[in-house]
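Engineer: Please read through the structure below; I'll follow up with questions.
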There are 2 protein chains.
Amino acid sequence: MGGVETEQTGQRAPLGRPRAFDTEAALERAMLFFWEHGYEGASLSGLTKAMGVSTTSMYTAFGNKEDLFRKALERYTEGPSAYLTRALEEPSARAVATALLTGTVRTTTRPAQPHGCLGVQGALATGTSAATVRDLLAAWREDGCNRLRERFRQAVDEGDLPATTDPGLLGRYVSTLAFGIAVQAASGIGRDELQQMADAALAAWPPF
Amino acid sequence: MGGVETEQTGQRAPLGRPRAFDTEAALERAMLFFWEHGYEGASLSGLTKAMGVSTTSMYTAFGNKEDLFRKALERYTEGPSAYLTRALEEPSARAVATALLTGTVRTTTRPAQPHGCLGVQGALATGTSAATVRDLLAAWREDGCNRLRERFRQAVDEGDLPATTDPGLLGRYVSTLAFGIAVQAASGIGRDELQQMADAALAAWPPF
DNA sequence: GCACTTCCGCATCGATCGCTGCAAAAGTCT
DNA sequence: AGACTTTTGCAGCGATCGATGCGGAAGTGC
């Protein structure tokens, strides 16, 4: 009767008492909680309550608060923020910028989700105890800028952008708009207004 | 011998034991500390240590932590962020935008000062206990957007901008760039690169 | 059945959070 | 001098912070 194989797969069931909660669902809730309240503003009690998990279970499953945030950020990158990767695959620089800004507006102003961007409002200025997370997010943002720059560099090489275009400067400009949109969304500015602004900003391309 | 009038002014010295510290200097240090660490990241112990003042003196002089932040924000508005008011007084819309973005770059990347903008990184996403301050800063940012919009509306009325220009959308665009610059500065991006980007963005005016 | 491994619930840890009571100190008033 | 007003230094308040120890529960292996 021993359920050695509960499914058709050849995998053995893991030893010990099985988890009573879904780690993916708990991590999703943790990500949303960090997104809404920021790293410092998200207390352990609030996090575990939102995750529906005891503190002990959280620690055994994810490590500690900082580890939990790292995993939440990874989930955010591959989930709500996946529009960045998709945007970089667009065929033209103009389409890349359009997809990036439209994706930013949509993700930062989605109803029934926290407004703004976890990578921006997760830990922009912090106390000394959260300095590691602050630096982690700064690196996360800079990574996005770098990927954008390399994509624009490719566009210059391909003749999609004028040879006089500085891809670093253009990437900095578009990412600055994206970060600014994230701040505006955190302030509660509506999706339509931000999308109109993004459309207007993209009407002239390349902007310089 | 009683120093009833310590100065030539006719003002009487205030009753009770005089303060042993300069409230303006202490408030300046508090503003810098909030600027660097954010509202939630700035602990009372850290604040009072930076101010060179005991907790008791801080409470009698400023109220509580939230009141202290309000006064620090006022000081920030009239100090480091005064470039906004000056920019609005420029004679043309283009000069307004140029002065605003240049002032933002200069203030958010000044050496020997916290990088970024207190109004952005002071409390972008917070726990429930800091929700009041978060909303206060959102209103502070929106006030800046509104003043910019009204200035651009005036420019449209004066014929300085085309009659087809939507001043609200243009104000949203310029303020979005400014907030984005603040985020980039908080990440440690250098002044020169941000200034170059601002110059490039302002090269074509109006942008739409 | 029994040893073994892992997870859960409860209680609680030391540290820090924002904040305050109290008495002495340092002034001005009459 | 003596009453009055305000500030200062010290100690400590209750609450919450992130993080753990421990015993029982719930599975596995043999």
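Every chain in the structure tokens has a letter given in the order shown (A, B, ...), and although residue numbers restart at 1 in each chain, ligands are simply numbered from 1 in the order shown.
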Using only C-alpha atoms (C1' of nucleotides) and a distance of at most 7 Å, pull out the residues of chain A that contact chain D, as a ChimeraX atom specification.

Structural biologist: /A:15-18

Engineer: Write out as a list in words the residues lying within 10 Å of A:Gly46, counting only C-alpha atoms (C1' of nucleotides) and excluding same-chain residues fewer than 5 positions away.

Structural biologist: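 Returned residues: Ala30, Phe33, Phe34, His37, Gly41, Met51 and Gly52 of chain A; Gly127 of chain B.
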
Engineer: Which residues of chain C have any atom within 12 Å of an atom in chain B when counting only C-alpha atoms (C1' of nucleotides), and what is the closest pair of atoms for each, with the distance in Å to one decimal? Order the rows by chain and rising number and write it as a Markdown table.

Structural biologist:
| residue | atom | partner | partner_atom | distance |
| --- | --- | --- | --- | --- |
| C:DT16 | C1' | B:Ser43 | CA | 9.3 |
| C:DC17 | C1' | B:Ser43 | CA | 7.8 |
| C:DG18 | C1' | B:Leu44 | CA | 7.0 |
| C:DC19 | C1' | B:Asn64 | CA | 8.3 |
| C:DT20 | C1' | B:Thr56 | CA | 8.4 |
| C:DG21 | C1' | B:Thr56 | CA | 10.9 |
| C:DA25 | C1' | B:Arg17 | CA | 8.1 |
| C:DA26 | C1' | B:Arg17 | CA | 4.8 |
| C:DG27 | C1' | B:Arg17 | CA | 4.2 |
| C:DT28 | C1' | B:Leu15 | CA | 5.3 |
| C:DC29 | C1' | B:Leu15 | CA | 8.4 |

Engineer: Would you mind exporting C-alpha atoms (C1' of nucleotides) of the selected residues as an mmCIF file, in the first residue's frame?

Structural biologist:
data_model
loop_
_atom_site.group_PDB
_atom_site.id
_atom_site.type_symbol
_atom_site.label_atom_id
_atom_site.label_comp_id
_atom_site.auth_asym_id
_atom_site.auth_seq_id
_atom_site.Cartn_x
_atom_site.Cartn_y
_atom_site.Cartn_z
ATOM 1 C "C1'" DT C 16 15.585 47.057 17.761
ATOM 2 C "C1'" DC C 17 11.488 49.754 16.802
ATOM 3 C "C1'" DG C 18 9.163 54.482 17.939
ATOM 4 C "C1'" DC C 19 8.234 56.835 21.981
ATOM 5 C "C1'" DT C 20 7.787 58.701 26.941
ATOM 6 C "C1'" DG C 21 8.284 59.714 32.408
ATOM 7 C "C1'" DA C 25 19.570 71.937 34.609
ATOM 8 C "C1'" DA C 26 19.238 76.549 32.723
ATOM 9 C "C1'" DG C 27 17.158 80.118 31.587
ATOM 10 C "C1'" DT C 28 13.321 84.432 32.447
ATOM 11 C "C1'" DC C 29 9.850 86.469 35.234
#

Engineer: Quick one: residues within 10 Å of stretch 156-169 of chain B, only C-alpha atoms (C1' of nucleotides) counted, chain neighbours fewer than 4 positions away excluded, as a CSV table (one decimal) with C-alpha atoms, in the first residue's frame?

Structural biologist:
chain,number,residue,atom,x,y,z
A,193,GLU,CA,-2.6,58.6,-19.4
A,194,LEU,CA,0.7,56.8,-19.2
A,196,GLN,CA,-0.8,58.1,-24.2
A,197,MET,CA,2.4,59.7,-23.0
A,198,ALA,CA,4.5,56.7,-24.0
A,200,ALA,CA,3.6,60.4,-27.8
A,201,ALA,CA,7.2,59.9,-26.8
B,91,PRO,CA,10.7,82.4,-20.2
B,92,SER,CA,10.0,79.6,-22.6
B,93,ALA,CA,8.7,76.1,-22.4
B,94,ARG,CA,11.9,74.7,-23.8
B,145,CYS,CA,3.5,67.5,-12.3
B,146,ASN,CA,0.6,69.9,-11.9
B,148,LEU,CA,4.6,71.8,-14.8
B,149,ARG,CA,1.3,71.2,-16.6
B,150,GLU,CA,0.0,74.7,-15.8
B,151,ARG,CA,3.3,76.2,-16.9
B,152,PHE,CA,3.0,74.4,-20.2
B,173,TYR,CA,6.5,63.3,-20.2
B,174,VAL,CA,9.0,65.7,-18.7
B,175,SER,CA,8.2,64.7,-15.1
B,205,TRP,CA,11.6,70.4,-28.8
B,206,PRO,CA,8.7,70.2,-28.5
B,208,PHE,CA,5.6,65.9,-29.7

Engineer: Given only C-alpha atoms as the basis, pick out the residue of A:Thr60, A:Ser54, A:Thr102, A:Gln121 nearest to chain B.

Structural biologist: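 Distance minimum relative to chain B lands on A:Gln121.
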
Engineer: Just to confirm, what's the straight-line distance from atom CA of A:Leu202 to atom CA of B:Gly180 in Å (one decimal)?

Structural biologist: 16.3 Å

Engineer: Would you give me, as an NGL selection string, the residues in stretch 13-103 of chain A that DSSP reads as alpha helix (DSSP H)?

Structural biologist: :A and (23-41 or 44-51 or 55-62 or 65-78 or 83-88 or 93-103)

Engineer: Deliver the residues from the most recent selection as a file, using C-alpha atoms, as a PDB file, in the first residue's frame.

Structural biologist:
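New file selection_32.pdb:
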ATOM      1  CA  THR A  23       5.893  26.540  -2.656  1.00  0.00           C
ATOM      2  CA  GLU A  24       5.214  28.165  -6.029  1.00  0.00           C
ATOM      3  CA  ALA A  25       1.926  29.652  -4.864  1.00  0.00           C
ATOM      4  CA  ALA A  26       3.537  30.819  -1.617  1.00  0.00           C
ATOM      5  CA  LEU A  27       6.415  32.419  -3.526  1.00  0.00           C
ATOM      6  CA  GLU A  28       3.959  34.140  -5.851  1.00  0.00           C
ATOM      7  CA  ARG A  29       2.166  35.655  -2.856  1.00  0.00           C
ATOM      8  CA  ALA A  30       5.466  36.689  -1.305  1.00  0.00           C
ATOM      9  CA  MET A  31       6.464  38.406  -4.551  1.00  0.00           C
ATOM     10  CA  LEU A  32       3.189  40.324  -4.620  1.00  0.00           C
ATOM     11  CA  PHE A  33       3.641  41.335  -0.988  1.00  0.00           C
ATOM     12  CA  PHE A  34       7.210  42.579  -1.573  1.00  0.00           C
ATOM     13  CA  TRP A  35       5.990  44.358  -4.692  1.00  0.00           C
ATOM     14  CA  GLU A  36       3.299  46.189  -2.773  1.00  0.00           C
ATOM     15  CA  HIS A  37       5.175  47.046   0.419  1.00  0.00           C
ATOM     16  CA  GLY A  38       8.847  47.018  -0.543  1.00  0.00           C
ATOM     17  CA  TYR A  39      11.548  44.946   1.110  1.00  0.00           C
ATOM     18  CA  GLU A  40      11.753  46.902   4.343  1.00  0.00           C
ATOM     19  CA  GLY A  41       8.029  47.521   4.512  1.00  0.00           C
ATOM     20  CA  LEU A  44       7.891  38.620   8.330  1.00  0.00           C
ATOM     21  CA  SER A  45       4.500  38.460   9.978  1.00  0.00           C
ATOM     22  CA  GLY A  46       2.860  40.182   7.030  1.00  0.00           C
ATOM     23  CA  LEU A  47       4.711  38.030   4.524  1.00  0.00           C
ATOM     24  CA  THR A  48       3.894  34.721   6.178  1.00  0.00           C
ATOM     25  CA  LYS A  49       0.291  35.768   6.651  1.00  0.00           C
ATOM     26  CA  ALA A  50       0.024  36.640   2.961  1.00  0.00           C
ATOM     27  CA  MET A  51       1.754  33.398   2.014  1.00  0.00           C
ATOM     28  CA  THR A  55       7.403  31.363   9.898  1.00  0.00           C
ATOM     29  CA  THR A  56       9.097  28.023  10.476  1.00  0.00           C
ATOM     30  CA  SER A  57       7.896  26.681   7.138  1.00  0.00           C
ATOM     31  CA  MET A  58       9.022  29.835   5.367  1.00  0.00           C
ATOM     32  CA  TYR A  59      12.517  29.534   6.798  1.00  0.00           C
ATOM     33  CA  THR A  60      12.903  25.848   5.985  1.00  0.00           C
ATOM     34  CA  ALA A  61      11.552  26.343   2.468  1.00  0.00           C
ATOM     35  CA  PHE A  62      13.240  29.605   1.435  1.00  0.00           C
ATOM     36  CA  LYS A  65      13.925  37.041   4.337  1.00  0.00           C
ATOM     37  CA  GLU A  66      16.694  38.098   1.991  1.00  0.00           C
ATOM     38  CA  ASP A  67      16.737  34.726   0.239  1.00  0.00           C
ATOM     39  CA  LEU A  68      12.986  34.884  -0.084  1.00  0.00           C
ATOM     40  CA  PHE A  69      13.283  38.282  -1.730  1.00  0.00           C
ATOM     41  CA  ARG A  70      15.910  37.023  -4.169  1.00  0.00           C
ATOM     42  CA  LYS A  71      13.614  34.198  -5.228  1.00  0.00           C
ATOM     43  CA  ALA A  72      10.656  36.572  -5.417  1.00  0.00           C
ATOM     44  CA  LEU A  73      12.704  38.854  -7.671  1.00  0.00           C
ATOM     45  CA  GLU A  74      13.583  35.928  -9.931  1.00  0.00           C
ATOM     46  CA  ARG A  75       9.921  35.047 -10.156  1.00  0.00           C
ATOM     47  CA  TYR A  76       9.115  38.673 -10.913  1.00  0.00           C
ATOM     48  CA  THR A  77      11.732  38.788 -13.645  1.00  0.00           C
ATOM     49  CA  GLU A  78      10.339  35.714 -15.361  1.00  0.00           C
ATOM     50  CA  TYR A  83       7.986  41.754 -21.249  1.00  0.00           C
ATOM     51  CA  LEU A  84      11.573  43.020 -21.238  1.00  0.00           C
ATOM     52  CA  THR A  85      12.965  39.831 -22.748  1.00  0.00           C
ATOM     53  CA  ARG A  86      10.119  39.663 -25.233  1.00  0.00           C
ATOM     54  CA  ALA A  87      10.650  43.303 -26.200  1.00  0.00           C
ATOM     55  CA  LEU A  88      14.326  42.704 -26.943  1.00  0.00           C
ATOM     56  CA  ALA A  93      14.734  49.173 -32.444  1.00  0.00           C
ATOM     57  CA  ARG A  94      11.529  51.123 -32.675  1.00  0.00           C
ATOM     58  CA  ALA A  95       9.490  47.993 -32.004  1.00  0.00           C
ATOM     59  CA  VAL A  96      11.771  47.155 -29.084  1.00  0.00           C
ATOM     60  CA  ALA A  97      11.206  50.550 -27.481  1.00  0.00           C
ATOM     61  CA  THR A  98       7.492  50.416 -28.163  1.00  0.00           C
ATOM     62  CA  ALA A  99       7.124  46.938 -26.681  1.00  0.00           C
ATOM     63  CA  LEU A 100       9.235  47.876 -23.669  1.00  0.00           C
ATOM     64  CA  LEU A 101       7.331  51.019 -22.771  1.00  0.00           C
ATOM     65  CA  THR A 102       3.941  49.493 -23.494  1.00  0.00           C
ATOM     66  CA  GLY A 103       4.858  46.472 -21.390  1.00  0.00           C
TER      67      GLY A 103
END
